[in-house]
Amino acid sequence: MKIVLIHGQNHKGSSYHIGRMIENKLPGEKEVTEFFLPRDLHHFCVGCYRCIEDESQCPFYGDKKKMMDKVEEADLLIFTTPTYCMRASAPMKSFLDLTFSYWMVHKPRKVMFQKNAVVVTTAAGSGMRHALKDISNALFFWGVPRIKTYGVSVQAMNWAGVSDKKKSQIEKRTDRIVRSLQRNHHPKAGMKTKVFFLMMRKMQQGNRSASISEKNYWEKEGWLGKVRPWQS
């Protein structure tokens with residue numbers, strides 16, 4: 001199994017430890033790749049739209065490609081982020097901004113429709129729901145069919161300060177997440193994904209895309225006909 005962890009922070013805090021806990025509990029041979037933000041991608045999207053015409057024209061293509069090649073190869077994606085000001089971290093949001101060409105409305109990748117993903121966030125207090133939504137929404141629009149989310153108030157400023165009782169609760173919850181992942185190695189696109197994809201297909205057919213290059217992309221993939229990205 002190929003696993004990619006993307007951490008929305010450079011330090012190894014509570015969300016990092018929970019993400020690694022999930023990865024460590026998964027059995028079998030694993031190829032694990034980790035990225036830390038902003039260490040591994042410190043750029044902000046400048047809104048130039050070059051990626052819509054040609055992905056390689058993004059000013060930050062080289063750094064982004066290193067990450068997205070691994071993301072596309074992965075079977076499982078694990079995103080972790082602290083909750084900052086009731087939202088995902090700024091570096092995580094910046095990363096998601098730089099991947100907007102992957103969204104179904106533009107040039108989605110077929111491989112995204114066959115992945116599992118887990119999103120983890122922690123907070124000393126509250127706001128986890130909004131932070132989880134920031135990331136899980138983006139993953140849905142990438143086409144990822146199965147997204148497990150876990151947000152927890154650790155009531156501490158770092159992992160060492162998390163109480164034994166809270167860590168025991170986290171252990172039990174991560175056990176459930178791992179069992180769920182083991183039951184479904186090959187997730188299938190749900191009705192919501194399929195309906196949204198077909199809406200985007202209709203938009204492409206009606207020449208209402210951001211660029212003719214998008215329609216050409218969809219046509220090349222066969223998606224304007226009977227082919228669908230979730231099909232084998």
# chains A, B, ... in the order shown; residues from 1 in each chain; ligands from 1
>>> residues_around(residues="stretch 155-171 of chain A", least_positions_apart="3", cutoff="8 Å", atoms="only C-alpha atoms", output="PyMOL selection string")
chain A and resi 13-14+17-18+123-125+174-175
>>> residues_around(residues="A:His43", least_positions_apart="3", cutoff="9 Å", atoms="only C-alpha atoms", output="number ranges by chain")
A: 38, 46, 60, 63, 91, 94-95, 98
>>> residues_around(residues="A:Arg109", least_positions_apart="2", cutoff="12 Å", atoms="only C-alpha atoms", output="number ranges by chain")
A: 68-69, 71-73, 99-107, 111-115, 139, 141-144, 197, 217-218, 221, 223, 228-230
>>> select_by_dssp(residues="stretch 28-228 of chain A", states="helix (DSSP H, G or I)", output="ChimeraX atom specification")
/A:50-53,55-57,61-73,90-97,100-102,110-114,128-142,159-161,164-183,191-205,212-221
>>> write_last_selection(atoms="C-alpha atoms", output="short mmCIF file (atom, residue, chain, number, x, y, z; two decimals), in the first residue's frame")
data_model
loop_
_atom_site.label_atom_id
_atom_site.label_comp_id
_atom_site.auth_asym_id
_atom_site.auth_seq_id
_atom_site.Cartn_x
_atom_site.Cartn_y
_atom_site.Cartn_z
CA ARG A 50 -1.75 29.33 -16.32
CA CYS A 51 -2.43 25.86 -14.91
CA ILE A 52 -5.82 25.85 -16.61
CA GLU A 53 -4.15 26.02 -19.99
CA GLU A 55 -0.22 22.58 -15.67
CA SER A 56 3.50 22.93 -16.34
CA GLN A 57 3.08 26.71 -16.70
CA TYR A 61 5.12 23.67 -10.97
CA GLY A 62 8.33 21.95 -9.89
CA ASP A 63 7.61 22.00 -6.17
CA LYS A 64 3.95 21.18 -6.64
CA LYS A 65 4.65 18.30 -9.02
CA LYS A 66 6.90 16.57 -6.48
CA MET A 67 3.92 16.37 -4.13
CA MET A 68 1.15 15.70 -6.61
CA ASP A 69 3.00 12.87 -8.36
CA LYS A 70 3.11 11.06 -5.00
CA VAL A 71 -0.51 11.97 -4.29
CA GLU A 72 -1.61 10.49 -7.60
CA GLU A 73 0.35 7.28 -6.96
CA ALA A 90 -2.74 28.68 6.27
CA PRO A 91 -0.07 26.44 4.65
CA MET A 92 -2.68 23.71 4.14
CA LYS A 93 -5.11 26.16 2.58
CA SER A 94 -2.33 27.47 0.34
CA PHE A 95 -1.59 23.93 -0.83
CA LEU A 96 -5.26 23.30 -1.63
CA ASP A 97 -5.42 26.58 -3.57
CA PHE A 100 -7.61 23.80 -7.94
CA SER A 101 -6.97 22.60 -11.50
CA TYR A 102 -7.55 19.08 -10.11
CA LYS A 110 -9.04 9.62 -12.94
CA VAL A 111 -6.82 8.17 -10.20
CA MET A 112 -8.46 10.41 -7.58
CA PHE A 113 -11.77 8.58 -8.00
CA GLN A 114 -10.23 5.39 -6.59
CA MET A 128 -12.30 21.31 14.31
CA ARG A 129 -15.46 20.90 12.22
CA HIS A 130 -14.61 23.88 10.04
CA ALA A 131 -10.98 22.80 9.63
CA LEU A 132 -12.07 19.32 8.57
CA LYS A 133 -14.50 20.75 6.07
CA ASP A 134 -11.81 22.92 4.46
CA ILE A 135 -9.88 19.82 3.46
CA SER A 136 -12.66 17.28 2.94
CA ASN A 137 -14.48 19.64 0.58
CA ALA A 138 -11.36 19.94 -1.58
CA LEU A 139 -10.91 16.17 -1.61
CA PHE A 140 -14.52 15.68 -2.68
CA PHE A 141 -14.02 18.07 -5.59
CA TRP A 142 -10.83 16.17 -6.53
CA TRP A 159 1.15 16.03 22.25
CA ALA A 160 3.16 15.61 25.44
CA GLY A 161 0.51 17.60 27.29
CA ASP A 164 -3.68 9.70 29.20
CA LYS A 165 -7.47 9.54 29.21
CA LYS A 166 -7.67 11.59 26.02
CA LYS A 167 -4.95 9.51 24.37
CA SER A 168 -6.89 6.36 25.23
CA GLN A 169 -9.96 7.81 23.51
CA ILE A 170 -7.83 8.68 20.48
CA GLU A 171 -6.44 5.14 20.36
CA LYS A 172 -9.96 3.70 20.24
CA ARG A 173 -11.13 6.12 17.56
CA THR A 174 -8.11 5.52 15.35
CA ASP A 175 -8.66 1.76 15.73
CA ARG A 176 -12.14 2.23 14.27
CA ILE A 177 -10.81 4.31 11.39
CA VAL A 178 -8.21 1.67 10.54
CA ARG A 179 -10.80 -1.12 10.62
CA SER A 180 -12.99 0.91 8.29
CA LEU A 181 -10.09 1.42 5.87
CA GLN A 182 -9.28 -2.29 5.92
CA ARG A 183 -12.87 -3.17 5.01
CA MET A 191 -24.10 9.13 -5.90
CA LYS A 192 -23.13 12.67 -4.88
CA THR A 193 -19.80 12.41 -6.70
CA LYS A 194 -21.41 10.95 -9.80
CA VAL A 195 -24.14 13.58 -9.95
CA PHE A 196 -21.65 16.43 -9.53
CA PHE A 197 -19.36 14.95 -12.17
CA LEU A 198 -22.24 14.70 -14.63
CA MET A 199 -23.13 18.33 -13.95
CA MET A 200 -19.55 19.32 -14.76
CA ARG A 201 -19.69 17.14 -17.89
CA LYS A 202 -22.79 18.96 -19.06
CA MET A 203 -21.02 22.27 -18.48
CA GLN A 204 -18.06 21.13 -20.57
CA GLN A 205 -20.37 19.96 -23.34
CA ILE A 212 -11.19 25.26 -24.39
CA SER A 213 -8.22 23.28 -23.08
CA GLU A 214 -10.51 21.88 -20.38
CA LYS A 215 -13.04 20.60 -22.90
CA ASN A 216 -10.21 19.10 -24.94
CA TYR A 217 -8.98 17.37 -21.78
CA TRP A 218 -12.41 15.91 -21.03
CA GLU A 219 -12.79 14.82 -24.63
CA LYS A 220 -9.38 13.12 -24.59
CA GLU A 221 -10.34 11.23 -21.42
#
>>> select_by_dssp(residues="stretch 28-231 of chain A", states="strand (DSSP E or B)", output="ChimeraX atom specification")
/A:31-36,76-82,84,87,116-123,146-153
>>> write_last_selection(atoms="N, CA, C and O atoms", output="compact mmCIF listing (two decimals), in the first residue's frame")
# COMPACT_ATOMS: atom_id res chain seq x y z
N GLU A 31 4.51 1.72 1.67
CA GLU A 31 5.46 2.72 1.19
C GLU A 31 4.91 4.07 1.62
O GLU A 31 3.87 4.51 1.12
N VAL A 32 5.58 4.69 2.57
CA VAL A 32 5.04 5.90 3.20
C VAL A 32 5.86 7.12 2.78
O VAL A 32 7.09 7.12 2.89
N THR A 33 5.16 8.15 2.33
CA THR A 33 5.80 9.42 1.98
C THR A 33 5.14 10.52 2.79
O THR A 33 3.90 10.56 2.90
N GLU A 34 5.93 11.40 3.36
CA GLU A 34 5.41 12.50 4.16
C GLU A 34 5.83 13.85 3.57
O GLU A 34 6.95 14.01 3.09
N PHE A 35 4.89 14.79 3.63
CA PHE A 35 5.18 16.17 3.26
C PHE A 35 4.76 17.07 4.41
O PHE A 35 3.73 16.84 5.05
N PHE A 36 5.57 18.09 4.65
CA PHE A 36 5.27 19.07 5.68
C PHE A 36 5.10 20.44 5.03
O PHE A 36 5.91 20.85 4.20
N LEU A 76 -3.77 5.62 -0.30
CA LEU A 76 -4.39 6.29 0.85
C LEU A 76 -3.72 7.64 1.08
O LEU A 76 -2.49 7.73 1.10
N LEU A 77 -4.54 8.66 1.27
CA LEU A 77 -4.06 9.99 1.60
C LEU A 77 -4.45 10.31 3.04
O LEU A 77 -5.61 10.11 3.42
N ILE A 78 -3.50 10.78 3.82
CA ILE A 78 -3.78 11.21 5.19
C ILE A 78 -3.38 12.67 5.32
O ILE A 78 -2.21 13.01 5.16
N PHE A 79 -4.35 13.52 5.59
CA PHE A 79 -4.11 14.94 5.79
C PHE A 79 -4.22 15.26 7.27
O PHE A 79 -5.20 14.86 7.92
N THR A 80 -3.25 15.98 7.79
CA THR A 80 -3.35 16.42 9.19
C THR A 80 -3.13 17.92 9.25
O THR A 80 -2.32 18.47 8.50
N THR A 81 -3.86 18.56 10.14
CA THR A 81 -3.66 20.00 10.32
C THR A 81 -4.08 20.41 11.73
O THR A 81 -5.07 19.88 12.26
N PRO A 82 -3.35 21.31 12.33
CA PRO A 82 -3.87 21.92 13.55
C PRO A 82 -5.04 22.82 13.18
O PRO A 82 -5.17 23.23 12.02
N TYR A 84 -6.32 26.32 13.41
CA TYR A 84 -5.87 27.67 13.70
C TYR A 84 -7.00 28.65 13.41
O TYR A 84 -7.49 28.70 12.28
N ARG A 87 -10.04 27.23 11.65
CA ARG A 87 -9.91 26.73 10.28
C ARG A 87 -8.64 25.88 10.15
O ARG A 87 -7.83 25.80 11.06
N ASN A 116 -8.81 6.19 -0.97
CA ASN A 116 -9.28 6.48 0.38
C ASN A 116 -8.53 7.69 0.91
O ASN A 116 -7.38 7.93 0.53
N ALA A 117 -9.17 8.44 1.77
CA ALA A 117 -8.50 9.57 2.41
C ALA A 117 -8.98 9.69 3.85
O ALA A 117 -10.12 9.34 4.18
N VAL A 118 -8.08 10.17 4.69
CA VAL A 118 -8.40 10.46 6.08
C VAL A 118 -7.95 11.89 6.37
O VAL A 118 -6.84 12.28 5.97
N VAL A 119 -8.80 12.64 7.04
CA VAL A 119 -8.47 14.02 7.42
C VAL A 119 -8.51 14.11 8.93
O VAL A 119 -9.53 13.75 9.55
N VAL A 120 -7.42 14.58 9.52
CA VAL A 120 -7.31 14.67 10.98
C VAL A 120 -7.01 16.12 11.36
O VAL A 120 -6.15 16.76 10.75
N THR A 121 -7.70 16.62 12.35
CA THR A 121 -7.36 17.92 12.90
C THR A 121 -7.53 17.90 14.41
O THR A 121 -8.38 17.18 14.95
N THR A 122 -6.71 18.69 15.08
CA THR A 122 -6.81 18.82 16.53
C THR A 122 -6.86 20.29 16.90
O THR A 122 -6.43 21.16 16.14
N ALA A 123 -7.39 20.54 18.07
CA ALA A 123 -7.41 21.91 18.60
C ALA A 123 -7.29 21.82 20.11
O ALA A 123 -7.66 20.83 20.73
N ARG A 146 -14.01 8.33 -0.87
CA ARG A 146 -14.22 7.94 0.52
C ARG A 146 -13.29 8.73 1.42
O ARG A 146 -12.07 8.58 1.34
N ILE A 147 -13.87 9.56 2.26
CA ILE A 147 -13.10 10.47 3.10
C ILE A 147 -13.53 10.29 4.56
O ILE A 147 -14.68 10.60 4.91
N LYS A 148 -12.65 9.79 5.38
CA LYS A 148 -12.91 9.67 6.81
C LYS A 148 -12.35 10.90 7.50
O LYS A 148 -11.24 11.35 7.19
N THR A 149 -13.10 11.45 8.44
CA THR A 149 -12.64 12.64 9.15
C THR A 149 -12.62 12.41 10.66
O THR A 149 -13.46 11.67 11.19
N TYR A 150 -11.65 13.03 11.30
CA TYR A 150 -11.55 12.92 12.76
C TYR A 150 -11.01 14.23 13.31
O TYR A 150 -9.87 14.61 13.05
N GLY A 151 -11.84 14.91 14.06
CA GLY A 151 -11.43 16.13 14.74
C GLY A 151 -11.56 15.94 16.24
O GLY A 151 -12.57 15.40 16.72
N VAL A 152 -10.54 16.36 16.99
CA VAL A 152 -10.58 16.14 18.42
C VAL A 152 -9.98 17.34 19.16
O VAL A 152 -8.95 17.88 18.76
N SER A 153 -10.64 17.72 20.23
CA SER A 153 -10.11 18.76 21.12
C SER A 153 -9.20 18.07 22.12
O SER A 153 -9.66 17.31 22.98
>>> closest_residue(among="A:Gly222, A:Pro145, A:Pro27, A:Gly47", to="A:Pro187", atoms="only C-alpha atoms")
A:Pro145
